[in-house]
>>> print(open('model-v3.txt').read())   # compact mmCIF, C-alpha atoms and all ligand atoms
# COMPACT_ATOMS: atom_id res chain seq x y z
CA MET A 573 -119.38 -93.39 167.56
CA ILE A 574 -115.80 -92.19 167.70
CA PRO A 575 -114.78 -90.53 164.45
CA SER A 576 -111.94 -92.55 163.07
CA VAL A 577 -109.28 -89.87 163.31
CA TYR A 578 -109.78 -89.82 167.07
CA ASN A 579 -109.40 -93.54 167.22
CA PRO A 580 -105.96 -94.39 168.61
CA LEU A 581 -105.66 -97.28 166.23
CA VAL A 582 -106.12 -95.07 163.21
CA LEU A 583 -103.75 -92.53 164.70
CA SER A 584 -101.10 -95.13 165.21
CA VAL A 585 -101.51 -95.98 161.54
CA ILE A 586 -100.83 -92.37 160.65
CA PHE A 587 -97.65 -92.39 162.69
CA LEU A 588 -96.42 -95.91 162.48
CA ALA A 589 -97.38 -96.91 158.99
CA PRO A 590 -94.61 -99.19 157.85
CA ALA A 591 -92.22 -97.71 155.39
CA TYR A 592 -93.08 -98.43 151.79
CA PRO A 593 -91.31 -101.62 150.82
CA GLY A 594 -88.46 -101.20 148.38
CA ALA A 595 -86.69 -98.00 147.57
CA LYS A 596 -84.97 -95.60 149.95
CA ILE A 597 -86.73 -92.24 150.12
CA ILE A 598 -89.66 -93.27 147.99
CA GLY A 599 -89.07 -92.75 144.29
CA GLY A 600 -85.94 -90.78 145.07
CA HIS A 601 -82.20 -91.10 144.77
CA GLU A 602 -79.04 -90.38 146.72
CA VAL A 603 -78.16 -86.70 146.90
CA LYS A 604 -74.86 -85.39 145.65
CA PRO A 605 -72.82 -85.48 148.88
CA HIS A 606 -73.01 -82.20 150.83
CA SER A 607 -75.34 -80.56 148.33
CA ARG A 608 -77.75 -79.86 151.20
CA PRO A 609 -75.40 -78.53 153.85
CA TYR A 610 -78.32 -77.41 156.05
CA MET A 611 -79.62 -80.96 156.54
CA VAL A 612 -79.54 -82.21 160.10
CA SER A 613 -79.90 -85.77 161.37
CA LEU A 614 -81.44 -85.80 164.86
CA GLN A 615 -80.17 -88.70 166.92
CA ARG A 616 -80.87 -90.09 170.35
CA ARG A 617 -78.48 -92.09 172.50
CA ASN A 618 -80.00 -95.38 173.53
CA GLY A 619 -79.16 -97.81 176.31
CA SER A 620 -76.16 -99.25 174.52
CA ARG A 621 -74.66 -95.78 174.15
CA MET A 622 -75.28 -95.89 170.45
CA TYR A 623 -76.98 -93.04 168.70
CA ALA A 624 -80.09 -93.80 166.67
CA PRO A 625 -81.51 -91.35 164.14
CA TYR A 626 -85.14 -90.39 164.71
CA CYS A 627 -85.94 -87.28 162.65
CA GLY A 628 -84.53 -84.71 160.26
CA GLY A 629 -84.25 -80.96 160.57
CA ALA A 630 -82.71 -77.87 159.02
CA LEU A 631 -79.99 -75.65 160.46
CA ILE A 632 -81.39 -72.11 160.46
CA ARG A 633 -78.77 -70.46 162.68
CA PRO A 634 -75.38 -71.80 163.80
CA ASN A 635 -77.05 -72.92 167.06
CA TRP A 636 -80.67 -73.44 166.04
CA VAL A 637 -82.38 -76.26 164.19
CA LEU A 638 -85.95 -76.17 162.89
CA THR A 639 -87.88 -79.44 162.93
CA ALA A 640 -91.35 -80.90 163.58
CA ALA A 641 -92.95 -80.74 167.03
CA HIS A 642 -93.84 -84.42 166.91
CA CYS A 643 -90.09 -85.07 166.94
CA GLU A 644 -89.93 -83.93 170.58
CA LYS A 645 -88.29 -86.56 172.80
CA PRO A 646 -88.22 -86.78 176.55
CA ILE A 647 -84.69 -86.12 177.74
CA ALA A 648 -84.29 -88.55 180.62
CA SER A 649 -81.14 -88.45 182.70
CA GLY A 650 -78.29 -90.05 180.85
CA GLN A 651 -80.17 -89.64 177.60
CA PHE A 652 -78.71 -87.36 175.08
CA LEU A 653 -80.08 -85.88 171.94
CA ARG A 654 -77.72 -84.61 169.32
CA ALA A 655 -77.79 -82.96 165.93
CA VAL A 656 -75.41 -84.32 163.35
CA LEU A 657 -74.42 -81.82 160.67
CA GLY A 658 -72.25 -82.04 157.59
CA GLY A 659 -72.82 -85.76 157.14
CA HIS A 660 -73.72 -87.70 154.05
CA SER A 661 -73.39 -91.26 155.31
CA LEU A 662 -74.78 -91.92 158.79
CA SER A 663 -72.41 -94.79 159.50
CA GLN A 664 -69.13 -93.41 158.23
CA ASN A 665 -66.95 -91.30 160.42
CA GLN A 666 -66.65 -88.42 158.02
CA LYS A 667 -64.34 -85.53 158.91
CA SER A 668 -66.97 -83.12 157.68
CA LYS A 669 -69.38 -84.20 160.44
CA GLN A 670 -70.20 -82.03 163.42
CA ARG A 671 -72.07 -83.54 166.35
CA LEU A 672 -73.70 -81.01 168.63
CA ARG A 673 -75.74 -81.64 171.72
CA ILE A 674 -79.37 -80.47 171.77
CA ILE A 675 -79.94 -78.57 175.01
CA LYS A 676 -83.49 -77.34 174.51
CA GLN A 677 -86.57 -78.44 172.57
CA ILE A 678 -89.08 -75.64 172.02
CA PRO A 679 -92.31 -76.70 170.28
CA ILE A 680 -94.57 -73.80 169.32
CA THR A 681 -97.28 -75.11 171.63
CA LYS A 682 -97.95 -78.52 172.94
CA PHE A 683 -98.35 -80.52 169.77
CA ASN A 684 -101.78 -82.01 169.20
CA ASN A 685 -101.49 -85.33 167.38
CA ARG A 686 -105.24 -85.44 166.84
CA THR A 687 -105.47 -82.29 164.71
CA MET A 688 -101.78 -82.42 163.68
CA LYS A 689 -101.76 -78.61 163.94
CA ASN A 690 -98.62 -76.61 164.67
CA ASP A 691 -96.13 -79.36 163.96
CA ILE A 692 -93.10 -77.11 164.34
CA MET A 693 -90.28 -76.98 166.89
CA LEU A 694 -86.99 -75.20 167.48
CA LEU A 695 -83.96 -76.99 168.89
CA GLN A 696 -81.21 -75.08 170.60
CA LEU A 697 -77.71 -76.48 170.25
CA GLU A 698 -75.12 -76.36 172.98
CA THR A 699 -72.57 -74.57 170.82
CA ASN A 700 -72.51 -72.91 167.44
CA ALA A 701 -71.90 -75.10 164.44
CA LYS A 702 -68.88 -74.13 162.38
CA ILE A 703 -70.14 -72.80 159.11
CA ASN A 704 -68.04 -74.16 156.26
CA GLN A 705 -68.45 -75.88 152.90
CA TYR A 706 -70.25 -78.83 154.54
CA VAL A 707 -72.39 -76.99 157.07
CA LYS A 708 -74.50 -73.99 156.18
CA VAL A 709 -77.71 -72.42 157.38
CA LEU A 710 -80.89 -72.54 155.34
CA ASN A 711 -82.50 -69.14 155.16
CA LEU A 712 -86.08 -68.85 156.27
CA PRO A 713 -88.55 -67.47 153.72
CA LYS A 714 -88.74 -63.78 154.46
CA GLY A 715 -92.29 -62.80 155.38
CA GLY A 716 -93.40 -66.42 155.24
CA ILE A 717 -94.89 -68.52 152.45
CA THR A 718 -98.50 -67.67 151.67
CA ASP A 719 -99.01 -70.64 149.46
CA MET A 720 -97.53 -72.65 146.62
CA LYS A 721 -99.55 -73.28 143.49
CA SER A 722 -100.71 -76.82 142.99
CA GLY A 723 -98.41 -78.58 140.56
CA THR A 724 -95.31 -76.76 141.84
CA THR A 725 -92.33 -79.11 141.97
CA CYS A 726 -90.59 -79.40 145.32
CA THR A 727 -87.88 -81.57 146.79
CA VAL A 728 -87.52 -83.21 150.16
CA ALA A 729 -84.58 -85.12 151.60
CA GLY A 730 -84.02 -87.45 154.48
CA TRP A 731 -82.46 -90.59 155.87
CA ARG A 732 -85.80 -92.32 156.13
CA LYS A 733 -86.32 -95.86 157.19
CA THR A 734 -85.99 -98.58 154.63
CA LYS A 735 -88.07 -101.73 154.72
CA THR A 736 -85.62 -103.36 157.08
CA SER A 737 -86.64 -100.57 159.47
CA ARG A 738 -83.12 -99.23 159.45
CA TYR A 739 -82.28 -95.91 157.99
CA SER A 740 -80.85 -95.26 154.62
CA ASP A 741 -77.15 -94.77 155.26
CA THR A 742 -76.83 -91.94 152.80
CA LEU A 743 -79.03 -88.88 152.38
CA GLN A 744 -81.79 -89.41 149.82
CA GLU A 745 -83.91 -86.87 148.02
CA VAL A 746 -87.09 -86.99 145.98
CA GLU A 747 -89.10 -84.69 143.74
CA VAL A 748 -92.71 -84.18 144.73
CA GLU A 749 -95.53 -81.96 143.60
CA VAL A 750 -97.89 -79.62 145.45
CA ILE A 751 -101.48 -80.84 145.66
CA GLY A 752 -104.13 -78.17 146.21
CA ARG A 753 -105.61 -77.89 149.69
CA ARG A 754 -109.16 -78.29 148.49
CA LYS A 755 -108.31 -81.47 146.65
CA CYS A 756 -106.30 -82.71 149.61
CA ASN A 757 -109.29 -82.23 151.92
CA SER A 758 -111.72 -83.87 149.48
CA LYS A 759 -113.46 -87.14 150.11
CA ASN A 760 -111.02 -89.42 148.32
CA TYR A 761 -108.06 -87.70 149.90
CA TYR A 762 -107.91 -86.79 153.60
CA ASN A 763 -111.60 -85.94 153.81
CA HIS A 764 -110.84 -83.45 156.61
CA ARG A 765 -109.39 -86.22 158.75
CA PRO A 766 -107.46 -84.43 159.85
CA GLU A 767 -108.33 -81.05 158.38
CA ILE A 768 -105.57 -79.78 156.07
CA THR A 769 -105.39 -76.19 157.33
CA GLN A 770 -103.94 -72.97 155.86
CA ASP A 771 -100.77 -73.74 157.79
CA MET A 772 -100.29 -77.07 156.07
CA ILE A 773 -99.45 -78.05 152.52
CA CYS A 774 -99.98 -81.38 150.75
CA VAL A 775 -97.15 -82.51 148.55
CA GLY A 776 -96.94 -85.87 146.83
CA ASP A 777 -97.19 -87.59 143.53
CA ARG A 778 -100.35 -88.10 141.46
CA LYS A 779 -99.41 -91.68 140.82
CA GLY A 780 -98.15 -92.39 144.31
CA ARG A 781 -94.57 -92.97 143.21
CA ALA A 782 -92.79 -90.39 145.33
CA ASP A 783 -92.99 -89.34 148.96
CA SER A 784 -91.17 -88.73 152.16
CA CYS A 785 -91.80 -91.33 154.85
CA GLN A 786 -91.26 -92.28 158.49
CA GLY A 787 -87.94 -90.97 159.67
CA ASP A 788 -87.98 -88.00 157.30
CA SER A 789 -90.09 -85.96 159.69
CA GLY A 790 -88.79 -82.55 160.57
CA GLY A 791 -86.79 -82.27 157.37
CA PRO A 792 -87.16 -79.27 155.07
CA LEU A 793 -89.37 -79.15 151.98
CA ILE A 794 -87.86 -76.90 149.30
CA CYS A 795 -90.12 -75.40 146.63
CA ARG A 796 -88.88 -72.87 144.06
CA LYS A 797 -85.59 -72.69 145.96
CA LYS A 798 -87.39 -71.55 149.09
CA TYR A 799 -87.62 -73.24 152.45
CA THR A 800 -91.36 -73.93 152.30
CA GLY A 801 -92.34 -76.62 154.73
CA ILE A 802 -91.49 -79.24 157.33
CA VAL A 803 -92.18 -82.97 156.91
CA SER A 804 -95.13 -83.62 159.24
CA PHE A 805 -97.33 -86.62 158.49
CA GLY A 806 -99.02 -88.86 155.98
CA ARG A 807 -101.20 -91.91 156.01
CA GLY A 808 -98.81 -94.55 154.87
CA CYS A 809 -96.21 -93.42 152.35
CA ALA A 810 -96.42 -92.84 148.61
CA ASN A 811 -100.17 -93.34 148.67
CA ALA A 812 -101.50 -91.20 145.79
CA LYS A 813 -104.67 -90.16 147.65
CA LYS A 814 -102.95 -89.68 151.00
CA PRO A 815 -100.00 -87.46 150.12
CA GLY A 816 -97.39 -86.22 152.54
CA VAL A 817 -98.55 -83.26 154.61
CA TYR A 818 -96.05 -80.57 155.57
CA THR A 819 -96.17 -77.69 158.02
CA LEU A 820 -96.26 -74.59 155.80
CA LEU A 821 -93.80 -71.88 156.86
CA THR A 822 -96.40 -69.12 157.02
CA LYS A 823 -95.75 -65.67 158.44
CA LYS A 824 -97.08 -66.64 161.85
CA TYR A 825 -94.46 -69.36 162.14
CA ILE A 826 -91.66 -67.11 160.88
CA ASP A 827 -92.70 -64.48 163.45
CA TRP A 828 -92.71 -67.12 166.18
CA ILE A 829 -89.25 -68.37 165.17
CA GLN A 830 -87.89 -64.83 165.17
CA SER A 831 -89.43 -64.05 168.53
CA ILE A 832 -87.41 -66.93 169.96
CA ILE A 833 -84.12 -66.71 168.19
CA ASP A 834 -84.41 -62.93 167.95
CA LEU A 835 -82.11 -62.32 165.08
CA PRO A 836 -82.73 -60.27 161.97
CA LEU A 837 -83.45 -62.37 158.92
CA LYS A 838 -80.93 -62.29 156.16
CA ASN A 839 -82.20 -61.75 152.71
CA ALA A 840 -83.85 -65.05 151.97
CA GLU A 841 -83.60 -64.99 148.19
CA GLU A 842 -80.35 -66.89 147.84
CA LEU A 843 -80.88 -70.33 149.25
CA TYR A 844 -78.06 -72.52 148.24
N1 LIG A 901 -94.52 -88.73 160.74
C1 LIG A 901 -93.44 -89.20 159.94
C2 LIG A 901 -92.15 -89.16 160.72
O1 LIG A 901 -92.20 -89.05 161.92
C3 LIG A 901 -93.37 -88.51 158.63
C4 LIG A 901 -94.33 -89.10 157.73
C5 LIG A 901 -94.35 -88.47 156.41
N2 LIG A 901 -95.20 -89.29 155.67
C6 LIG A 901 -95.46 -89.15 154.39
N3 LIG A 901 -96.25 -89.97 153.83
N4 LIG A 901 -94.92 -88.18 153.72
O2 LIG A 901 -91.07 -89.39 160.21
>>> encode(input="model-v3.txt", output="structure tokens", more="lines below")
Ligand code: ARG
Amino acid sequence: MIPSVYNPLVLSVIFLAPAYPGAKIIGGHEVKPHSRPYMVSLQRRNGSRMYAPYCGGALIRPNWVLTAAHCEKPIASGQFLRAVLGGHSLSQNQKSKQRLRIIKQIPITKFNNRTMKNDIMLLQLETNAKINQYVKVLNLPKGGITDMKSGTTCTVAGWRKTKTSRYSDTLQEVEVEVIGRRKCNSKNYYNHRPEITQDMICVGDRKGRADSCQGDSGGPLICRKKYTGIVSFGRGCANAKKPGVYTLLTKKYIDWIQSIIDLPLKNAEELY
């Protein structure tokens, strides 16, 4: 018997679960424009030379974006990936927007979509973003996050898909709450399928009213004003017993990021 998490059908449910019908980011609201100047929309140019958003991310250096490893895309010839910064509406041609080409995708290791471990990736941009009132870097948590107490309130933002399978045109945000790892691994929750590890954190809503969803992947989770996690996966969206699971920015990940971008960390206390 194949355990269900190894079953491709079940896996495709984890990844392709349709967006929750109704609201934009589930249970959330539109952000105050440019209140999250580190938010990045990752976009891929398709056949008709249009760019389609596929994931979120956070600007952590003028030329580096941190996102989820499962957001890696093959870069075929003629295909371009870009990071759009300083935007609030995806469709409007806002002067504040900066569009920078992604030249390198560096996942920490080859991402394993069976265990969902190590869902973290760096993207190198062709040029430095101009840091201004619309575009700013998000500081990494110095020394890494060991853990967040269950019940801690966090926020997550994104341009996730709406039920029409398009993206919300404006950036949405939602308040969510940390759910303890033990509870998250328990029978009625993920039941170790997959295992919620020390490098992951479950964050949702007890009543299943709030969540990130497809299209929000890679975006930053902010808890107690600290960059805490990266949108990784969930079974469906806004399912009380299957909360969103985020890559936790533990010391090992911070060390890995630093080893690649090789820059001293600024004091991470002041976030925004
Ligand atoms: N894997 C999804 C993506 O690629 C993110 C899913 C988050 N799901 C959730 N229920 N919080 O966009």
>>> atom_distance(input="model-v3.txt", atom1="atom CA of A:Val817", atom2="atom C6 of ligand LIG 901 (chain A)")
6.7 Å
>>> axis_aligned_box(input="model-v3.txt", around="stretch 673-688 of chain A", padding_each_side="4 Å", output="lines of an AutoDock Vina configuration file")
center_x = -90.6
center_y = -79.6
center_z = 169.3
size_x = 37.7
size_y = 19.6
size_z = 19.3
>>> residues_near_ligand(input="model-v3.txt", ligand="ligand LIG 901 (chain A)", cutoff="6 Å", atoms="only C-alpha atoms and all ligand atoms", output="PyMOL selection string")
chain A and resi 587+783-789+803-810+815-816
>>> atom_distance(input="model-v3.txt", atom1="atom CA of A:Ala640", atom2="atom CA of A:Met693")
5.2 Å
>>> atom_distance(input="model-v3.txt", atom1="atom CA of A:Tyr825", atom2="atom CA of A:Asn700")
22.9 Å
>>> closest_residue(input="model-v3.txt", among="A:Leu638, A:Cys756, A:Leu820, A:Leu695", to="A:Gly716", atoms="all atoms listed in the file")
A:Leu820
>>> residues_around(input="model-v3.txt", residues="stretch 618-624 of chain A", least_positions_apart="5", cutoff="9 Å", atoms="only C-alpha atoms", output="ChimeraX atom specification")
/A:651-654
>>> closest_residue(input="model-v3.txt", among="A:Val656, A:Ala641, A:Ile829, A:Val603", to="A:Arg616", atoms="all atoms listed in the file")
A:Val656
>>> closest_residue(input="model-v3.txt", among="A:Ile647, A:Ala812, A:Leu614, A:Ala782", to="A:Leu631", atoms="all atoms listed in the file")
A:Leu614
>>> closest_residue(input="model-v3.txt", among="A:His642, A:Lys823, A:Lys714, A:Lys813", to="A:Lys759", atoms="all atoms listed in the file")
A:Lys813
>>> closest_residue(input="model-v3.txt", among="A:Asn684, A:Ser722, A:Ser740, A:Gln705", to="A:Gly752", atoms="all atoms listed in the file")
A:Ser722
>>> residues_near_point(input="model-v3.txt", point="(-73.2, -83.0, 170.2)", cutoff="10 Å", atoms="all atoms listed in the file", output="PyMOL selection string")
chain A and resi 615+652-657+670-675+697-699+701
>>> residues_near_point(input="model-v3.txt", point="(-80.5, -92.6, 154.8)", cutoff="12 Å", atoms="all atoms listed in the file", output="JSON, numbers by chain")
{"A": [595, 596, 597, 598, 600, 601, 602, 603, 611, 612, 613, 624, 625, 626, 627, 628, 659, 660, 661, 662, 663, 664, 729, 730, 731, 732, 733, 734, 735, 737, 738, 739, 740, 741, 742, 743, 744, 745, 784, 785, 786, 787, 788]}
